[in-house]
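Enquirer: Structure supplied as target-v9.csv; contents: CSV, C-alpha atoms.
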chain,number,residue,atom,x,y,z
B,125,MET,CA,40.5,72.9,-8.2
B,126,LYS,CA,37.6,71.2,-10.1
B,127,VAL,CA,36.9,67.7,-8.8
B,128,PHE,CA,36.2,66.4,-12.3
B,129,ILE,CA,38.1,67.4,-15.5
B,130,GLU,CA,35.7,68.8,-18.0
B,131,PRO,CA,35.1,65.8,-20.4
B,132,ILE,CA,34.3,63.6,-17.4
B,133,GLY,CA,32.1,66.2,-15.7
B,134,LYS,CA,30.1,66.6,-18.9
B,135,LEU,CA,29.6,62.8,-19.2
B,136,VAL,CA,28.6,62.5,-15.5
B,137,ASN,CA,26.0,65.2,-16.0
B,138,GLN,CA,24.6,63.5,-19.0
B,139,PHE,CA,24.3,60.2,-17.2
B,140,ALA,CA,22.7,61.9,-14.2
B,141,LYS,CA,19.8,62.9,-16.5
B,142,LEU,CA,18.7,59.3,-16.8
B,143,PRO,CA,15.8,58.3,-14.5
B,144,GLY,CA,16.9,57.1,-11.0
B,145,VAL,CA,20.5,57.9,-11.6
B,146,GLY,CA,22.3,60.1,-9.0
B,147,MET,CA,25.8,61.6,-9.2
B,148,LYS,CA,27.5,58.6,-7.7
B,149,THR,CA,25.9,56.2,-10.2
B,150,ALA,CA,26.5,58.6,-13.0
B,151,GLN,CA,30.2,58.7,-12.0
B,152,ARG,CA,30.4,54.9,-12.1
B,153,PHE,CA,28.8,54.9,-15.6
B,154,ALA,CA,31.3,57.5,-16.7
B,155,TYR,CA,34.3,55.4,-15.5
B,156,LYS,CA,32.9,52.5,-17.4
B,157,VAL,CA,32.8,54.5,-20.6
B,158,ILE,CA,36.3,55.7,-20.1
B,159,ASN,CA,37.5,52.2,-19.7
B,160,MET,CA,35.7,51.1,-22.9
B,161,THR,CA,37.7,50.6,-26.1
B,162,ASP,CA,37.2,53.4,-28.7
B,163,LYS,CA,35.0,51.0,-30.7
B,164,GLU,CA,32.8,50.2,-27.8
B,165,ALA,CA,32.3,53.9,-27.0
B,166,GLU,CA,31.5,54.7,-30.6
B,167,GLU,CA,28.9,51.9,-30.7
B,168,PHE,CA,27.4,53.3,-27.5
B,169,ALA,CA,27.2,56.8,-29.0
B,170,ASP,CA,25.9,55.5,-32.3
B,171,ALA,CA,23.1,53.5,-30.6
B,172,ILE,CA,21.9,56.8,-28.9
B,173,ILE,CA,21.9,58.7,-32.1
B,174,SER,CA,20.3,55.9,-34.1
B,175,ALA,CA,17.5,55.3,-31.5
B,176,LYS,CA,16.7,59.0,-31.6
B,177,LYS,CA,16.8,59.1,-35.4
B,178,ASN,CA,15.2,55.8,-36.4
B,179,VAL,CA,12.4,55.4,-33.8
B,180,HIS,CA,9.2,57.0,-34.9
B,181,TYR,CA,5.6,56.5,-33.9
B,182,CYS,CA,3.2,54.3,-35.9
B,183,ARG,CA,0.7,56.4,-37.9
B,184,ILE,CA,-2.1,54.0,-36.9
B,185,CYS,CA,-1.5,53.0,-33.3
B,186,GLY,CA,1.1,55.4,-32.0
B,187,ASN,CA,3.5,52.7,-30.9
B,188,PHE,CA,7.3,52.8,-31.5
B,189,SER,CA,8.0,52.0,-35.2
B,190,GLU,CA,10.9,52.1,-37.6
B,191,GLY,CA,8.6,52.8,-40.5
B,192,ASP,CA,5.4,54.7,-41.1
B,193,VAL,CA,3.2,51.8,-39.8
B,194,CYS,CA,4.4,49.4,-37.1
B,195,ASP,CA,4.8,45.6,-37.6
B,196,VAL,CA,1.9,44.9,-35.3
B,197,CYS,CA,-0.6,47.0,-37.3
B,198,LYS,CA,0.8,45.6,-40.6
B,199,LEU,CA,0.5,41.9,-39.6
B,200,ARG,CA,-2.4,41.5,-37.2
B,201,SER,CA,-6.2,41.6,-37.3
B,202,ASP,CA,-7.6,44.8,-35.9
B,203,GLU,CA,-10.8,43.2,-34.4
B,204,VAL,CA,-9.5,43.6,-30.9
B,205,ILE,CA,-7.7,46.8,-29.9
B,206,CYS,CA,-5.8,47.0,-26.6
B,207,VAL,CA,-5.6,50.7,-25.4
B,208,VAL,CA,-2.5,51.6,-23.3
B,209,LYS,CA,-1.0,54.8,-22.0
B,210,GLU,CA,2.6,54.5,-23.3
B,211,PRO,CA,4.7,52.6,-25.8
B,212,LYS,CA,6.5,50.8,-23.0
B,213,ASP,CA,3.2,49.3,-22.0
B,214,VAL,CA,3.0,47.6,-25.4
B,215,ILE,CA,6.4,46.0,-24.8
B,216,ALA,CA,5.2,44.7,-21.3
B,217,ILE,CA,2.2,43.1,-22.9
B,218,GLU,CA,4.0,41.8,-26.0
B,219,LYS,CA,6.4,40.0,-23.7
B,220,LEU,CA,3.5,37.9,-22.4
B,221,ASN,CA,2.9,36.3,-25.8
B,222,GLU,CA,-0.8,36.2,-24.8
B,223,PHE,CA,-2.4,38.9,-26.8
B,224,ASP,CA,-2.6,38.7,-30.6
B,225,GLY,CA,-4.6,41.8,-31.4
B,226,VAL,CA,-3.5,45.3,-32.1
B,227,TYR,CA,-2.7,48.3,-29.8
B,228,HIS,CA,-3.6,51.9,-29.4
B,229,VAL,CA,-1.2,54.1,-27.5
B,230,LEU,CA,-2.8,57.2,-26.0
B,231,HIS,CA,0.5,58.9,-25.1
B,232,GLY,CA,-0.9,60.0,-21.7
B,233,THR,CA,-4.0,59.7,-19.6
B,234,ILE,CA,-6.6,62.2,-18.7
B,235,SER,CA,-5.4,64.2,-15.6
B,236,PRO,CA,-7.3,67.4,-14.7
B,237,MET,CA,-4.6,68.0,-12.0
B,238,GLN,CA,-1.9,68.3,-14.6
B,239,GLY,CA,-4.2,70.0,-17.1
B,240,ILE,CA,-4.4,67.0,-19.4
B,241,GLY,CA,-7.9,66.7,-20.9
B,242,PRO,CA,-9.4,64.2,-23.4
B,243,ASP,CA,-8.2,66.3,-26.4
B,244,ASP,CA,-4.6,66.2,-25.2
B,245,ILE,CA,-4.2,62.4,-25.6
B,246,ASN,CA,-4.8,60.3,-28.7
B,247,ILE,CA,-8.5,59.5,-28.3
B,248,LYS,CA,-9.4,61.0,-31.7
B,249,GLY,CA,-7.2,58.5,-33.5
B,250,LEU,CA,-8.9,55.6,-31.6
B,251,LEU,CA,-12.4,56.8,-32.6
B,252,LYS,CA,-11.2,57.1,-36.3
B,253,ARG,CA,-10.0,53.5,-36.2
B,254,ILE,CA,-13.3,52.3,-34.8
B,255,GLN,CA,-15.2,54.1,-37.6
B,256,GLY,CA,-13.4,51.8,-39.9
B,257,GLY,CA,-16.0,49.2,-38.8
B,258,ASN,CA,-13.8,46.2,-38.1
B,259,VAL,CA,-13.3,46.6,-34.4
B,260,LYS,CA,-15.3,44.2,-32.1
B,261,GLU,CA,-13.7,44.8,-28.7
B,262,VAL,CA,-11.6,47.5,-27.1
B,263,ILE,CA,-9.6,46.4,-24.0
B,264,MET,CA,-8.7,49.3,-21.7
B,265,ALA,CA,-5.3,48.5,-20.4
B,266,THR,CA,-4.4,51.9,-18.8
B,267,ASN,CA,-2.8,51.8,-15.4
B,268,PRO,CA,-4.9,50.9,-12.4
B,269,ASP,CA,-4.5,54.4,-10.9
B,270,VAL,CA,-6.9,57.4,-10.7
B,271,GLU,CA,-5.9,58.8,-14.1
B,272,GLY,CA,-5.9,55.4,-15.8
B,273,GLU,CA,-9.3,54.5,-14.4
B,274,ALA,CA,-10.8,57.8,-15.3
B,275,THR,CA,-9.5,57.5,-18.8
B,276,ALA,CA,-10.8,54.0,-19.2
B,277,MET,CA,-14.3,55.2,-18.0
B,278,TYR,CA,-14.3,58.1,-20.3
B,279,ILE,CA,-13.3,56.1,-23.4
B,280,GLY,CA,-15.8,53.4,-22.4
B,281,SER,CA,-18.6,56.0,-22.3
B,282,LEU,CA,-17.7,57.2,-25.8
B,283,LEU,CA,-17.5,53.7,-27.3
B,284,LYS,CA,-20.4,51.9,-25.7
B,285,PRO,CA,-23.1,53.9,-27.7
B,286,LEU,CA,-21.3,52.7,-30.9
B,287,GLY,CA,-22.0,49.1,-30.0
B,288,ILE,CA,-18.4,48.2,-29.2
B,289,LYS,CA,-17.6,45.8,-26.4
B,290,VAL,CA,-15.3,47.6,-24.0
B,291,THR,CA,-13.4,45.6,-21.3
B,292,ARG,CA,-11.0,46.4,-18.6
B,293,LEU,CA,-8.0,44.4,-17.3
B,294,ALA,CA,-9.0,42.5,-14.1
B,295,HIS,CA,-7.7,43.8,-10.8
B,296,GLY,CA,-7.1,41.7,-7.7
B,297,LEU,CA,-4.3,39.9,-5.8
B,298,PRO,CA,-1.1,39.5,-7.6
B,299,ILE,CA,-0.3,35.8,-8.2
B,300,GLY,CA,2.2,34.4,-5.6
B,301,THR,CA,1.7,37.0,-2.8
B,302,ASP,CA,0.5,36.3,0.7
B,303,LEU,CA,-2.8,37.9,1.7
B,304,GLU,CA,-1.1,39.6,4.6
B,305,TYR,CA,1.3,41.4,2.2
B,306,ALA,CA,-1.3,42.5,-0.4
B,307,ASP,CA,-2.1,46.2,-0.5
B,308,GLU,CA,-5.6,47.0,0.9
B,309,VAL,CA,-7.0,48.4,-2.4
B,310,SER,CA,-6.1,45.2,-4.3
B,311,LEU,CA,-7.4,43.0,-1.6
B,312,ALA,CA,-10.7,44.9,-1.5
B,313,ARG,CA,-11.0,44.7,-5.3
B,314,ALA,CA,-10.3,40.9,-5.1
B,315,PHE,CA,-13.3,40.6,-2.8
B,316,VAL,CA,-15.6,42.7,-5.0
B,317,ASP,CA,-14.6,40.9,-8.2
B,318,ARG,CA,-14.6,37.4,-6.6
B,319,LYS,CA,-15.5,34.5,-8.9
B,320,THR,CA,-17.5,31.3,-8.4
B,321,ILE,CA,-15.2,28.3,-8.5
O,72,MET,CA,7.3,39.2,-33.4
O,73,LYS,CA,10.3,40.9,-31.8
O,74,VAL,CA,9.5,42.7,-28.5
O,75,PHE,CA,11.8,45.6,-29.3
O,76,ILE,CA,12.3,47.2,-32.7
O,77,GLU,CA,16.0,47.1,-33.6
O,78,PRO,CA,17.2,50.6,-32.8
O,79,ILE,CA,15.6,50.4,-29.3
O,80,GLY,CA,16.9,46.9,-28.7
O,81,LYS,CA,20.5,48.0,-29.6
O,82,LEU,CA,20.3,50.9,-27.2
O,83,VAL,CA,18.9,48.8,-24.4
O,84,ASN,CA,21.8,46.4,-24.9
O,85,GLN,CA,24.3,49.2,-24.7
O,86,PHE,CA,22.8,50.6,-21.5
O,87,ALA,CA,22.7,47.1,-20.0
O,88,LYS,CA,26.5,47.0,-20.2
O,89,LEU,CA,26.8,49.7,-17.6
O,90,PRO,CA,27.6,48.5,-14.0
O,91,GLY,CA,24.5,47.5,-12.0
O,92,VAL,CA,22.1,48.0,-14.9
O,93,GLY,CA,19.7,45.2,-15.8
O,94,MET,CA,17.4,44.9,-18.7
O,95,LYS,CA,14.5,46.7,-17.0
O,96,THR,CA,16.6,49.7,-16.1
O,97,ALA,CA,18.3,49.7,-19.5
O,98,GLN,CA,14.8,49.9,-21.0
O,99,ARG,CA,13.9,52.9,-18.9
O,100,PHE,CA,17.1,54.6,-19.9
O,101,ALA,CA,16.4,53.9,-23.6
O,102,TYR,CA,12.8,55.4,-23.3
O,103,LYS,CA,14.4,58.5,-21.8
O,104,VAL,CA,16.7,58.9,-24.7
O,105,ILE,CA,13.9,58.4,-27.2
O,106,ASN,CA,12.0,61.2,-25.5
O,107,MET,CA,14.9,63.6,-25.6
O,108,THR,CA,15.1,66.3,-28.2
O,109,ASP,CA,17.5,65.6,-31.1
O,110,LYS,CA,19.9,68.2,-29.6
O,111,GLU,CA,19.9,66.5,-26.2
O,112,ALA,CA,20.6,63.1,-27.7
O,113,GLU,CA,23.4,64.5,-29.7
O,114,GLU,CA,25.0,66.1,-26.6
O,115,PHE,CA,24.7,62.8,-24.8
O,116,ALA,CA,26.4,60.9,-27.7
O,117,ASP,CA,29.1,63.6,-28.0
O,118,ALA,CA,29.8,63.5,-24.2
O,119,ILE,CA,30.6,59.7,-24.6
O,120,ILE,CA,32.9,60.2,-27.6
O,121,SER,CA,34.6,63.2,-26.0
O,122,ALA,CA,35.2,61.6,-22.7
O,123,LYS,CA,36.7,58.6,-24.4
O,124,LYS,CA,38.8,60.8,-26.7
O,125,ASN,CA,39.9,63.6,-24.3
O,126,VAL,CA,40.5,61.8,-21.1
O,127,HIS,CA,44.1,60.6,-20.8
O,128,TYR,CA,46.3,59.7,-17.8
O,129,CYS,CA,48.7,62.1,-16.3
O,130,ARG,CA,52.3,61.1,-17.2
O,131,ILE,CA,53.5,61.8,-13.6
O,132,CYS,CA,50.7,60.5,-11.3
O,133,GLY,CA,48.5,58.3,-13.5
O,134,ASN,CA,45.3,60.3,-12.7
O,135,PHE,CA,42.8,61.3,-15.3
O,136,SER,CA,44.0,64.3,-17.2
O,137,GLU,CA,43.1,66.3,-20.3
O,138,GLY,CA,46.7,67.1,-21.0
O,139,ASP,CA,50.1,65.3,-20.7
O,140,VAL,CA,50.3,66.4,-17.0
O,141,CYS,CA,47.3,66.9,-14.7
O,142,ASP,CA,46.4,70.1,-12.9
O,143,VAL,CA,47.2,68.6,-9.5
O,144,CYS,CA,50.8,67.7,-10.5
O,145,LYS,CA,51.2,71.1,-12.2
O,146,LEU,CA,50.1,73.3,-9.3
O,147,ARG,CA,50.9,71.5,-6.0
O,148,SER,CA,54.0,70.7,-4.0
O,149,ASP,CA,55.0,67.1,-4.3
O,150,GLU,CA,56.3,66.8,-0.7
O,151,VAL,CA,53.4,64.6,0.2
O,152,ILE,CA,52.2,61.9,-2.2
O,153,CYS,CA,48.9,60.1,-1.6
O,154,VAL,CA,48.9,56.6,-3.2
O,155,VAL,CA,45.5,55.3,-4.4
O,156,LYS,CA,44.3,52.3,-6.4
O,157,GLU,CA,42.2,54.0,-9.0
O,158,PRO,CA,41.5,57.5,-10.5
O,159,LYS,CA,38.1,57.5,-8.9
O,160,ASP,CA,39.7,57.4,-5.5
O,161,VAL,CA,41.4,60.7,-6.3
O,162,ILE,CA,38.0,62.2,-6.9
O,163,ALA,CA,36.7,60.9,-3.6
O,164,ILE,CA,39.6,62.5,-1.7
O,165,GLU,CA,39.5,65.7,-3.7
O,166,LYS,CA,35.9,66.2,-2.7
O,167,LEU,CA,36.9,66.4,0.9
O,168,ASN,CA,39.0,69.5,0.3
O,169,GLU,CA,41.3,68.3,3.1
O,170,PHE,CA,44.4,67.1,1.3
O,171,ASP,CA,46.6,69.5,-0.6
O,172,GLY,CA,49.4,67.2,-1.7
O,173,VAL,CA,49.7,65.2,-4.9
O,174,TYR,CA,48.6,61.7,-5.9
O,175,HIS,CA,49.9,58.6,-7.3
O,176,VAL,CA,47.5,56.2,-9.0
O,177,LEU,CA,48.6,52.6,-9.0
O,178,HIS,CA,45.9,51.4,-11.4
O,179,GLY,CA,45.4,48.2,-9.4
O,180,THR,CA,46.6,46.5,-6.3
O,181,ILE,CA,48.7,43.4,-5.8
O,182,SER,CA,46.5,40.3,-6.0
O,183,PRO,CA,48.2,37.0,-6.3
O,184,MET,CA,44.8,35.4,-6.7
O,185,GLN,CA,44.2,37.3,-9.9
O,186,GLY,CA,47.8,37.0,-11.0
O,187,ILE,CA,48.6,40.7,-10.4
O,188,GLY,CA,52.1,41.2,-9.0
O,189,PRO,CA,54.1,44.3,-8.1
O,190,ASP,CA,55.3,44.8,-11.6
O,191,ASP,CA,51.7,44.9,-13.0
O,192,ILE,CA,50.8,48.1,-11.1
O,193,ASN,CA,52.5,51.5,-11.3
O,194,ILE,CA,55.0,51.1,-8.5
O,195,LYS,CA,58.0,51.9,-10.6
O,196,GLY,CA,56.6,55.3,-11.4
O,197,LEU,CA,56.3,56.0,-7.7
O,198,LEU,CA,59.9,55.0,-7.0
O,199,LYS,CA,61.1,57.2,-9.8
O,200,ARG,CA,59.2,60.2,-8.3
O,201,ILE,CA,60.7,59.6,-4.9
O,202,GLN,CA,64.2,59.5,-6.4
O,203,GLY,CA,63.5,63.1,-7.4
O,204,GLY,CA,64.4,63.8,-3.7
O,205,ASN,CA,61.5,66.2,-2.8
O,206,VAL,CA,59.1,63.7,-1.2
O,207,LYS,CA,58.8,63.7,2.6
O,208,GLU,CA,55.8,61.5,3.2
O,209,VAL,CA,53.8,58.9,1.3
O,210,ILE,CA,50.3,58.2,2.4
O,211,MET,CA,49.0,54.8,1.5
O,212,ALA,CA,45.3,55.3,0.7
O,213,THR,CA,44.6,51.9,-0.9
O,214,ASN,CA,41.3,50.2,0.1
O,215,PRO,CA,41.1,48.6,3.5
O,216,ASP,CA,40.8,45.1,2.0
O,217,VAL,CA,43.3,42.2,1.7
O,218,GLU,CA,44.8,43.4,-1.6
O,219,GLY,CA,44.9,47.1,-0.5
O,220,GLU,CA,46.6,46.2,2.8
O,221,ALA,CA,49.1,43.9,1.1
O,222,THR,CA,50.0,46.6,-1.4
O,223,ALA,CA,50.4,49.2,1.3
O,224,MET,CA,52.7,46.9,3.2
O,225,TYR,CA,54.7,46.0,0.1
O,226,ILE,CA,55.2,49.6,-0.9
O,227,GLY,CA,55.9,50.6,2.7
O,228,SER,CA,58.7,48.0,2.8
O,229,LEU,CA,60.3,49.5,-0.3
O,230,LEU,CA,60.1,53.1,0.8
O,231,LYS,CA,61.2,52.9,4.5
O,232,PRO,CA,64.8,52.0,3.7
O,233,LEU,CA,64.9,55.2,1.6
O,234,GLY,CA,64.1,57.3,4.7
O,235,ILE,CA,60.6,58.2,3.5
O,236,LYS,CA,57.8,58.5,6.1
O,237,VAL,CA,55.1,56.1,5.1
O,238,THR,CA,51.6,56.4,6.6
O,239,ARG,CA,48.3,54.6,6.2
O,240,LEU,CA,44.8,56.0,6.5
O,241,ALA,CA,43.3,55.3,9.9
O,242,HIS,CA,40.7,52.5,10.3
O,243,GLY,CA,38.0,52.3,12.9
O,244,LEU,CA,34.3,53.1,13.4
O,245,PRO,CA,32.7,55.2,10.8
O,246,ILE,CA,31.4,58.5,12.3
O,247,GLY,CA,27.7,58.4,13.1
O,248,THR,CA,27.2,54.7,13.4
O,249,ASP,CA,26.0,52.8,16.4
O,250,LEU,CA,28.4,50.3,17.9
O,251,GLU,CA,25.8,47.6,17.4
O,252,TYR,CA,25.7,48.1,13.7
O,253,ALA,CA,29.5,48.4,13.1
O,254,ASP,CA,31.1,45.5,11.3
O,255,GLU,CA,33.2,43.3,13.5
O,256,VAL,CA,36.5,44.0,11.7
O,257,SER,CA,36.1,47.7,12.0
O,258,LEU,CA,35.1,47.4,15.7
O,259,ALA,CA,38.1,45.2,16.4
O,260,ARG,CA,40.4,47.7,14.6
O,261,ALA,CA,38.9,50.6,16.6
O,262,PHE,CA,39.9,48.7,19.8
O,263,VAL,CA,43.4,48.0,18.7
O,264,ASP,CA,44.0,51.6,17.4
O,265,ARG,CA,42.2,53.3,20.4
O,266,LYS,CA,43.5,56.7,21.5
O,267,THR,CA,44.0,58.4,24.8
O,268,ILE,CA,41.6,61.2,25.3
Would you write the structure of this file as structure tokens?
Expert:
Amino acid sequence: MKVFIEPIGKLVNQFAKLPGVGMKTAQRFAYKVINMTDKEAEEFADAIISAKKNVHYCRICGNFSEGDVCDVCKLRSDEVICVVKEPKDVIAIEKLNEFDGVYHVLHGTISPMQGIGPDDINIKGLLKRIQGGNVKEVIMATNPDVEGEATAMYIGSLLKPLGIKVTRLAHGLPIGTDLEYADEVSLARAFVDRKTI
Amino acid sequence: MKVFIEPIGKLVNQFAKLPGVGMKTAQRFAYKVINMTDKEAEEFADAIISAKKNVHYCRICGNFSEGDVCDVCKLRSDEVICVVKEPKDVIAIEKLNEFDGVYHVLHGTISPMQGIGPDDINIKGLLKRIQGGNVKEVIMATNPDVEGEATAMYIGSLLKPLGIKVTRLAHGLPIGTDLEYADEVSLARAFVDRKTI
């Protein structure tokens, strides 16, 4: 006797493909869908198809876009470019409402361990944008891990000879934590990068 | 500037409807879908529509079924009926490979607090099955909470006069736990229901 009838089993398997979702959670999601109205289930399925069909990448910056060029590239000055690893990093920064420049999405970081070299990520596109002549500063906002640091250094070394100011997001203690709970690397960085008050 | 472009925002909202899924997790699910191939996304959407369309409830026991009558009711003897609250409880028991009788799904438990009385759950269907004359034992496998206990007691009081053996799943210490970590109610039940060894 199969534990699941086929349409439920299939849906459970689909949900189990989502990141961090095991079989138990996938089951709960499947029950939720079965208890939806027909209309709700259709809206759910349509949202999946529509996201897959209508989300493209901006020709200029590589961010998610509905059209050929994203709204950020259309509407903002390109004097300051913030370089990130993935489109979701753009969303994290946009939520801050702090940065009003444009982005450049690398779609990866240099990782010799995984065989990802400088030509495998969108560095060429960045250099082309800079040749446009308008760019004053490039903020390297790749993750503070080995690959992110290496990528920031590499791109920095390419851009500095062109007279572009290259900056990196500050590291240090997260706001609101106790010293005792801070990880050692962040604490060490906070010492090295200490500021006069 | 919207943080999400529309097709992503819609998909995030759909995922956020799933139980236990907040906006951050919904976002991660949406990125996963956007990174799927067209075929994978279609299969996902189809699985939702198909589960909604093809999952019905068995006319006899109320469990999930593709057809009018589920495979369990078709293939097994109905001498022992296990009564559960929801279809997912059937799946939990089927996974054990211990029980070879049939089920009866109440689709709820009696809960005066929520205005759910005996007529609002599928007790009539159970009585009708018992009038068939074949049933020897009814196992009450509703949850060990107030509503589940009350429902078990109520159904027990209806069935005993009919000469049906009514049993309840045993309560006590979960296997593998330390006494010190057991909840008080289970520990107290373990004392009351202690067995001679």
Enquirer: May I ask you to extract the residues of chain B within 6 Å of chain O, using only C-alpha atoms, and to give them as an MDAnalysis selection string?
Expert: chainID B and resid 127 131:132 135 138 142 153 158 168:169 171 175:176 215
Enquirer: What's the separation between CA of Glu203 in chain B and CA of Gly241 in chain B, in Å to one decimal place?
Expert: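 Distance reported for this atom pair: 27.3 Å.
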Enquirer: Using Å and a single decimal, report how far CA of Arg147 in chain O sits from CA of Glu220 in chain O.
Expert: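 Value for the CA of Glu220 in chain O-CA of Arg147 in chain O distance: 27.1 Å.
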Enquirer: So what do you get for CA of Ile254 in chain B versus CA of Gly191 in chain B, distance-wise?
Expert: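 Result for CA of Ile254 in chain B versus CA of Gly191 in chain B: 22.6 Å, one decimal.
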Enquirer: Can you tell me which residues surround range 176-185 of chain O at a distance of at most 12 Å, considering only C-alpha atoms, apart from same-chain residues fewer than 6 positions away, and format the answer as a VMD selection string?
Expert: (chain B and resid 159) or (chain O and resid 128 to 135 152 to 162 191 to 198 210 to 226)
Enquirer: Need the shell around Ser201 in chain B: protein/DNA/RNA residues with any atom at most 9 Å away, counting all atoms listed in the file. Skip same-chain ones fewer than 2 positions apart. Format as a short mmCIF file (atom, residue, chain, number, x, y, z; two decimals) with C-alpha atoms, keeping the file's coordinate frame?
Expert:
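The resulting file, selection.cif, is shown below:
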data_model
loop_
_atom_site.label_atom_id
_atom_site.label_comp_id
_atom_site.auth_asym_id
_atom_site.auth_seq_id
_atom_site.Cartn_x
_atom_site.Cartn_y
_atom_site.Cartn_z
CA VAL B 196 1.90 44.90 -35.30
CA CYS B 197 -0.60 47.00 -37.30
CA LYS B 198 0.80 45.60 -40.60
CA LEU B 199 0.50 41.90 -39.60
CA GLU B 203 -10.80 43.20 -34.40
CA VAL B 204 -9.50 43.60 -30.90
CA ASP B 224 -2.60 38.70 -30.60
CA GLY B 225 -4.60 41.80 -31.40
CA VAL B 226 -3.50 45.30 -32.10
CA ASN B 258 -13.80 46.20 -38.10
#
Enquirer: Given the choices B:Pro298, B:Gly146, B:Gly239, B:Gly280, which gets closest to Ala314 in chain B if the distance is worked out from only C-alpha atoms?
Expert: B:Pro298
Enquirer: Would you mind putting back N, CA and C atoms on range 253-270 of chain B, then writing it out as a short mmCIF file (atom, residue, chain, number, x, y, z; two decimals), in the frame of the given file?
Expert:
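Okay, this is what ended up in selection-v2.cif:
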data_model
loop_
_atom_site.label_atom_id
_atom_site.label_comp_id
_atom_site.auth_asym_id
_atom_site.auth_seq_id
_atom_site.Cartn_x
_atom_site.Cartn_y
_atom_site.Cartn_z
N ARG B 253 -10.22 54.91 -35.89
CA ARG B 253 -10.00 53.50 -36.20
C ARG B 253 -11.27 52.71 -36.06
N ILE B 254 -12.08 53.08 -35.06
CA ILE B 254 -13.30 52.30 -34.80
C ILE B 254 -14.35 52.60 -35.90
N GLN B 255 -14.30 53.82 -36.46
CA GLN B 255 -15.20 54.10 -37.60
C GLN B 255 -14.93 53.26 -38.79
N GLY B 256 -13.72 52.70 -38.85
CA GLY B 256 -13.40 51.80 -39.90
C GLY B 256 -14.34 50.57 -39.95
N GLY B 257 -14.94 50.24 -38.79
CA GLY B 257 -16.00 49.20 -38.80
C GLY B 257 -15.59 47.84 -38.43
N ASN B 258 -14.29 47.57 -38.33
CA ASN B 258 -13.80 46.20 -38.10
C ASN B 258 -13.69 45.82 -36.67
N VAL B 259 -13.65 46.83 -35.80
CA VAL B 259 -13.30 46.60 -34.40
C VAL B 259 -14.50 45.98 -33.62
N LYS B 260 -14.22 44.85 -32.91
CA LYS B 260 -15.30 44.20 -32.10
C LYS B 260 -15.14 44.47 -30.64
N GLU B 261 -13.87 44.60 -30.18
CA GLU B 261 -13.70 44.80 -28.70
C GLU B 261 -12.50 45.76 -28.51
N VAL B 262 -12.67 46.60 -27.50
CA VAL B 262 -11.60 47.50 -27.10
C VAL B 262 -11.25 47.12 -25.62
N ILE B 263 -9.99 46.71 -25.39
CA ILE B 263 -9.60 46.40 -24.00
C ILE B 263 -8.85 47.58 -23.43
N MET B 264 -9.38 48.13 -22.36
CA MET B 264 -8.70 49.30 -21.70
C MET B 264 -7.66 48.79 -20.78
N ALA B 265 -6.39 48.99 -21.16
CA ALA B 265 -5.30 48.50 -20.40
C ALA B 265 -4.46 49.67 -19.81
N THR B 266 -5.14 50.77 -19.50
CA THR B 266 -4.40 51.90 -18.80
C THR B 266 -4.12 51.45 -17.40
N ASN B 267 -3.20 52.16 -16.75
CA ASN B 267 -2.80 51.80 -15.40
C ASN B 267 -3.91 51.79 -14.40
N PRO B 268 -3.86 50.94 -13.39
CA PRO B 268 -4.90 50.90 -12.40
C PRO B 268 -4.73 52.04 -11.34
N ASP B 269 -4.52 53.28 -11.80
CA ASP B 269 -4.50 54.40 -10.90
C ASP B 269 -5.63 55.36 -11.22
N VAL B 270 -5.72 56.47 -10.50
CA VAL B 270 -6.90 57.40 -10.70
C VAL B 270 -6.99 57.81 -12.15
#
